[in-house]
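Dumped target.cif below, it's mmCIF, C-alpha atoms:
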data_start
loop_
_atom_site.label_atom_id
_atom_site.label_comp_id
_atom_site.auth_asym_id
_atom_site.auth_seq_id
_atom_site.Cartn_x
_atom_site.Cartn_y
_atom_site.Cartn_z
CA MET A 1 5.35 -11.15 -18.49
CA SER A 2 8.31 -12.19 -16.32
CA ASP A 3 10.22 -15.37 -15.55
CA LYS A 4 10.44 -14.13 -11.95
CA HIS A 5 6.73 -14.73 -11.36
CA VAL A 6 4.13 -17.38 -12.14
CA PHE A 7 0.49 -16.51 -12.69
CA ASN A 8 -2.04 -17.98 -10.26
CA GLU A 9 -5.28 -17.93 -12.29
CA ARG A 10 -7.50 -18.81 -9.35
CA LEU A 11 -6.34 -15.80 -7.31
CA ASN A 12 -5.59 -13.58 -10.35
CA ARG A 13 -2.12 -12.74 -9.13
CA LEU A 14 1.53 -13.09 -10.07
CA GLU A 15 3.40 -15.07 -7.43
CA PRO A 16 7.18 -14.69 -7.15
CA VAL A 17 9.48 -17.57 -8.00
CA ASP A 18 12.50 -15.97 -6.30
CA ARG A 19 12.09 -16.10 -2.51
CA LYS A 20 14.74 -13.52 -1.46
CA CYS A 21 13.04 -10.86 0.68
CA TYR A 22 12.90 -7.49 -1.14
CA TYR A 23 12.53 -5.61 2.13
CA CYS A 24 15.55 -6.71 4.17
CA ALA A 25 17.52 -8.56 1.42
CA GLU A 26 18.60 -11.09 4.06
CA GLU A 27 15.89 -13.67 4.72
CA GLU A 28 13.83 -15.92 2.46
CA CYS A 29 10.07 -15.82 1.95
CA GLU A 30 8.72 -19.10 3.36
CA GLN A 31 5.10 -18.96 2.14
CA VAL A 32 3.69 -17.14 -0.86
CA ASP A 33 0.98 -15.57 1.33
CA ASP A 34 3.71 -13.73 3.29
CA CYS A 35 4.45 -11.71 0.14
CA TYR A 36 3.16 -8.20 -0.28
CA PHE A 37 0.81 -8.13 -3.27
CA VAL A 38 0.71 -4.74 -4.94
CA PRO A 39 -2.43 -4.07 -7.02
CA LEU A 40 -1.86 -2.71 -10.53
CA PHE A 41 -4.57 -1.36 -12.84
CA LYS A 42 -4.86 -0.86 -16.57
CA GLU A 43 -7.68 0.87 -18.40
CA LYS A 44 -9.69 -1.78 -20.23
CA ASP A 45 -12.71 0.12 -21.54
CA LYS A 46 -13.83 3.73 -21.43
CA THR A 47 -17.32 5.12 -22.11
CA ASN A 48 -18.07 8.82 -22.59
CA ILE A 49 -21.71 9.42 -23.48
CA ALA A 50 -23.00 12.95 -22.75
CA GLU A 51 -23.13 13.12 -18.92
CA TYR A 52 -22.23 9.44 -18.43
CA ASN A 53 -18.57 8.54 -18.00
CA ALA A 54 -17.39 5.07 -17.06
CA VAL A 55 -14.02 3.35 -17.04
CA LYS A 56 -13.44 -0.38 -16.64
CA TYR A 57 -10.09 -1.61 -15.41
CA SER A 58 -8.10 -4.79 -15.50
CA LYS A 59 -6.48 -5.53 -12.17
CA VAL A 60 -3.59 -7.80 -11.31
CA LEU A 61 -1.76 -8.39 -8.04
CA VAL A 62 2.03 -8.67 -8.27
CA GLY A 63 3.76 -10.46 -5.41
CA ILE A 64 6.85 -8.96 -3.83
CA PRO A 65 8.79 -11.54 -1.79
CA ARG A 66 8.76 -10.75 1.93
CA CYS A 67 10.08 -12.81 4.85
CA LYS A 68 8.02 -13.43 7.99
CA LYS A 69 10.18 -11.01 10.00
CA CYS A 70 9.55 -8.12 7.58
CA MET A 71 5.85 -8.97 7.31
CA ALA A 72 5.57 -8.89 11.12
CA LEU A 73 7.51 -5.60 11.27
CA HIS A 74 5.30 -4.02 8.60
CA GLN A 75 2.16 -5.03 10.49
CA SER A 76 3.33 -4.07 13.98
CA LEU A 77 4.88 -0.75 12.97
CA ARG A 78 1.80 0.25 10.94
CA ARG A 79 -0.29 -0.60 14.02
CA LYS A 80 2.05 1.50 16.21
CA ALA A 81 1.73 4.41 13.74
CA SER A 82 -2.07 4.17 13.88
CA TYR A 83 -1.97 4.41 17.69
CA TYR A 84 0.26 7.50 17.45
CA ALA A 85 -2.02 9.05 14.80
CA VAL A 86 -5.07 8.46 17.00
CA GLY A 87 -3.16 10.02 19.90
CA ILE A 88 -2.37 13.08 17.80
CA ALA A 89 -6.02 13.38 16.75
CA LEU A 90 -7.28 13.02 20.32
CA SER A 91 -4.67 15.41 21.74
CA GLY A 92 -5.49 18.08 19.17
CA SER A 93 -9.19 17.62 19.75
CA LEU A 94 -8.90 17.69 23.55
CA LEU A 95 -6.68 20.77 23.44
CA GLY A 96 -9.26 22.53 21.28
CA ILE A 97 -12.12 21.58 23.56
CA LEU A 98 -10.28 22.78 26.67
CA THR A 99 -8.98 26.06 25.27
CA PHE A 100 -11.70 27.31 22.95
CA GLU A 101 -15.39 27.90 23.08
CA SER A 102 -17.94 26.28 20.74
CA PHE A 103 -16.84 27.26 17.20
CA GLY A 104 -13.11 27.27 18.04
CA ALA A 105 -13.50 23.88 19.70
CA ILE A 106 -15.23 22.43 16.62
CA VAL A 107 -12.48 23.79 14.36
CA SER A 108 -9.81 22.36 16.70
CA VAL A 109 -11.49 18.94 16.80
CA ILE A 110 -11.64 18.83 13.00
CA THR A 111 -8.03 20.06 12.74
CA GLY A 112 -6.90 17.44 15.26
CA MET A 113 -8.62 14.68 13.31
CA ILE A 114 -7.08 15.84 10.03
CA ALA A 115 -3.63 16.09 11.65
CA GLY A 116 -4.00 12.56 13.01
CA ALA A 117 -5.07 11.19 9.63
CA LEU A 118 -2.28 12.96 7.75
CA SER A 119 0.37 11.87 10.25
CA TYR A 120 -0.28 8.12 9.87
CA LYS A 121 1.68 7.40 6.69
CA PRO A 122 4.78 9.50 7.57
CA LEU A 123 4.83 7.92 11.05
CA ALA A 124 4.51 4.38 9.66
CA ASN A 125 7.23 4.97 7.05
CA GLY A 126 9.49 6.57 9.67
CA PHE A 127 9.11 3.60 12.04
CA ILE A 128 9.78 1.16 9.19
CA ASP A 129 12.84 3.14 8.02
CA LYS A 130 14.21 3.06 11.60
CA ALA A 131 13.79 -0.73 11.56
CA GLY A 132 16.19 -0.82 8.60
CA ILE A 133 13.84 -2.29 6.00
CA LEU A 134 11.94 -0.90 3.02
CA ASN A 135 8.28 -0.02 3.44
CA GLN A 136 5.74 -1.95 1.36
CA GLU A 137 5.46 0.68 -1.37
CA GLU A 138 9.24 1.14 -1.74
CA GLY A 139 9.71 -2.60 -2.15
CA ALA A 140 6.95 -2.75 -4.74
CA HIS A 141 8.27 0.24 -6.70
CA THR A 142 11.76 -1.29 -6.93
CA SER A 143 10.53 -4.62 -8.30
CA GLU A 144 11.58 -5.22 -11.92
CA THR A 145 8.30 -6.98 -12.67
CA VAL A 146 6.27 -4.06 -11.31
CA GLN A 147 8.39 -1.65 -13.35
CA ASP A 148 7.73 -3.75 -16.48
CA PHE A 149 3.99 -3.43 -15.85
CA VAL A 150 4.22 0.32 -15.21
CA ASN A 151 6.24 0.76 -18.41
CA GLY A 152 3.49 -1.20 -20.19
CA GLY A 153 0.80 1.29 -19.14
CA TRP A 154 -0.30 -0.17 -15.78
CA ARG A 155 -0.83 2.16 -12.79
CA PHE A 156 -0.81 1.88 -9.01
CA THR A 157 -4.21 3.57 -8.76
CA GLN A 158 -7.43 3.69 -10.78
CA ARG A 159 -8.25 7.02 -12.36
CA ALA A 160 -11.71 8.48 -11.83
CA ALA A 161 -14.02 8.41 -14.84
#

Would you give me this structure, written as C-alpha cells?
Amino acid sequence: MSDKHVFNERLNRLEPVDRKCYYCAEEECEQVDDCYFVPLFKEKDKTNIAEYNAVKYSKVLVGIPRCKKCMALHQSLRRKASYYAVGIALSGSLLGILTFESFGAIVSVITGMIAGALSYKPLANGFIDKAGILNQEEGAHTSETVQDFVNGGWRFTQRAA
C-alpha cells in the first residue's frame, strides 16, 4: 500500500523503509524492532443470526520508525506514570480508610482505584510531552501510511459485534 513500508509476511506487519524517527525527528531507527507497531483492524466478515452476532477482523501492524532514545523514553516515562497512578490509587484508598467508616471507606477505595486508573494515560502523555517527543499514538496518527489505511476503512480498534 505504500513505498515507505515493506510487508513482512512472517510477522504480518509493515516495516518502515525510512529510518528517520517520527517521535523526535532527529535520530535514526537502528533496528526494525525498535519501531512502534500500531495495530489496525478492518472488518472482514460479519454474521447476524437471531441472537448470534460475530465479526471477524483482518489485522495488520504498521511500523512507525522510532530511535532507541525515544523507545527508552516511552518505556521509562510510561513506567513512571504507572508508579504515579498506583500512588494516586493508594493515597485515595488510604485516605478513605482513615477518614470514613465501612461503607464510606469502600467507596473511597473504589474511587481511589478509579482515579489511579484514569490518571495513567494523561500522566504518561504529560511526561512524554515534557520530554519534547511525540507519544506513541501521536506518532502513529501522523504517519502517512497509517492515514492511508484509515482512509481505506481500517480502524485503530475492533468494534464489538

How would you write, as an NGL selection string, the residues chosen by the PyMOL selection byres ((chain A and resi 136) around 12) on this structure?
:A and (21-24 or 35-39 or 63-66 or 70-75 or 77-78 or 121 or 124-125 or 128-129 or 133-135 or 137-143)

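Between atom CA of A:Val62 and atom CA of A:Gln158 the interatomic distance comes to 15.8 Å.
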
A:Ser119 surroundings by all atoms listed in the file, 9 Å radius, close-in-sequence under 3 positions cut, as a VMD selection string
chain A and resid 81 to 82 84 to 85 88 114 to 116 122 to 124

Can you list what the PyMOL selection byres ((chain A and resi 29) around 9) grabs from this structure, as a tab-separated table (two decimals) with C-alpha atoms, in the frame of the given file?
chain	number	residue	atom	x	y	z
A	18	ASP	CA	12.50	-15.97	-6.30
A	19	ARG	CA	12.09	-16.10	-2.51
A	20	LYS	CA	14.74	-13.52	-1.46
A	21	CYS	CA	13.04	-10.86	0.68
A	27	GLU	CA	15.89	-13.67	4.72
A	28	GLU	CA	13.83	-15.92	2.46
A	30	GLU	CA	8.72	-19.10	3.36
A	31	GLN	CA	5.10	-18.96	2.14
A	32	VAL	CA	3.69	-17.14	-0.86
A	34	ASP	CA	3.71	-13.73	3.29
A	35	CYS	CA	4.45	-11.71	0.14
A	65	PRO	CA	8.79	-11.54	-1.79
A	66	ARG	CA	8.76	-10.75	1.93
A	67	CYS	CA	10.08	-12.81	4.85
A	68	LYS	CA	8.02	-13.43	7.99

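Distances to A:Gly87 were evaluated for A:Gly112, A:Gly132, A:Pro16, A:Gly153 using all atoms listed in the file, and the minimum falls at A:Gly112.
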
Of the listed residues A:Lys130, A:Arg79, A:Lys56, A:Lys42, that which approaches A:Trp154 most closely, counting only C-alpha atoms
A:Lys42

Kindly provide, as AutoDock Vina command-line options, the centre and edge lengths (Å, one decimal) of an axis-aligned box around all atoms of stretch 57-60 of chain A given in the file, with 3 Å on each side.
--center_x -6.8 --center_y -4.7 --center_z -13.4 --size_x 12.5 --size_y 12.2 --size_z 10.2

Because the input lacks atoms here, generate N, CA and C atoms for stretch 126-138 of chain A and report them as an mmCIF file, keeping the file's coordinate frame.
data_model
loop_
_atom_site.group_PDB
_atom_site.id
_atom_site.type_symbol
_atom_site.label_atom_id
_atom_site.label_comp_id
_atom_site.auth_asym_id
_atom_site.auth_seq_id
_atom_site.Cartn_x
_atom_site.Cartn_y
_atom_site.Cartn_z
ATOM 1 N N GLY A 126 8.360 6.239 8.800
ATOM 2 C CA GLY A 126 9.490 6.570 9.670
ATOM 3 C C GLY A 126 9.857 5.404 10.582
ATOM 4 N N PHE A 127 8.849 4.756 11.172
ATOM 5 C CA PHE A 127 9.110 3.600 12.040
ATOM 6 C C PHE A 127 9.755 2.459 11.232
ATOM 7 N N ILE A 128 9.258 2.240 10.026
ATOM 8 C CA ILE A 128 9.780 1.160 9.190
ATOM 9 C C ILE A 128 11.206 1.481 8.749
ATOM 10 N N ASP A 129 11.480 2.739 8.389
ATOM 11 C CA ASP A 129 12.840 3.140 8.020
ATOM 12 C C ASP A 129 13.802 2.918 9.190
ATOM 13 N N LYS A 130 13.364 3.262 10.418
ATOM 14 C CA LYS A 130 14.210 3.060 11.600
ATOM 15 C C LYS A 130 14.508 1.575 11.829
ATOM 16 N N ALA A 131 13.583 0.711 11.406
ATOM 17 C CA ALA A 131 13.790 -0.730 11.560
ATOM 18 C C ALA A 131 14.801 -1.265 10.545
ATOM 19 N N GLY A 132 15.165 -0.437 9.567
ATOM 20 C CA GLY A 132 16.190 -0.820 8.600
ATOM 21 C C GLY A 132 15.684 -1.643 7.429
ATOM 22 N N ILE A 133 14.376 -1.576 7.153
ATOM 23 C CA ILE A 133 13.840 -2.290 6.000
ATOM 24 C C ILE A 133 13.054 -1.306 5.129
ATOM 25 N N LEU A 134 12.758 -1.724 3.911
ATOM 26 C CA LEU A 134 11.940 -0.900 3.020
ATOM 27 C C LEU A 134 10.482 -0.990 3.430
ATOM 28 N N ASN A 135 9.719 0.093 3.208
ATOM 29 C CA ASN A 135 8.280 -0.020 3.440
ATOM 30 C C ASN A 135 7.656 -0.753 2.254
ATOM 31 N N GLN A 136 6.398 -1.119 2.379
ATOM 32 C CA GLN A 136 5.740 -1.950 1.360
ATOM 33 C C GLN A 136 5.775 -1.299 -0.019
ATOM 34 N N GLU A 137 5.504 -0.007 -0.090
ATOM 35 C CA GLU A 137 5.460 0.680 -1.370
ATOM 36 C C GLU A 137 6.840 0.769 -2.014
ATOM 37 N N GLU A 138 7.880 1.056 -1.203
ATOM 38 C CA GLU A 138 9.240 1.140 -1.740
ATOM 39 C C GLU A 138 9.668 -0.199 -2.338
#
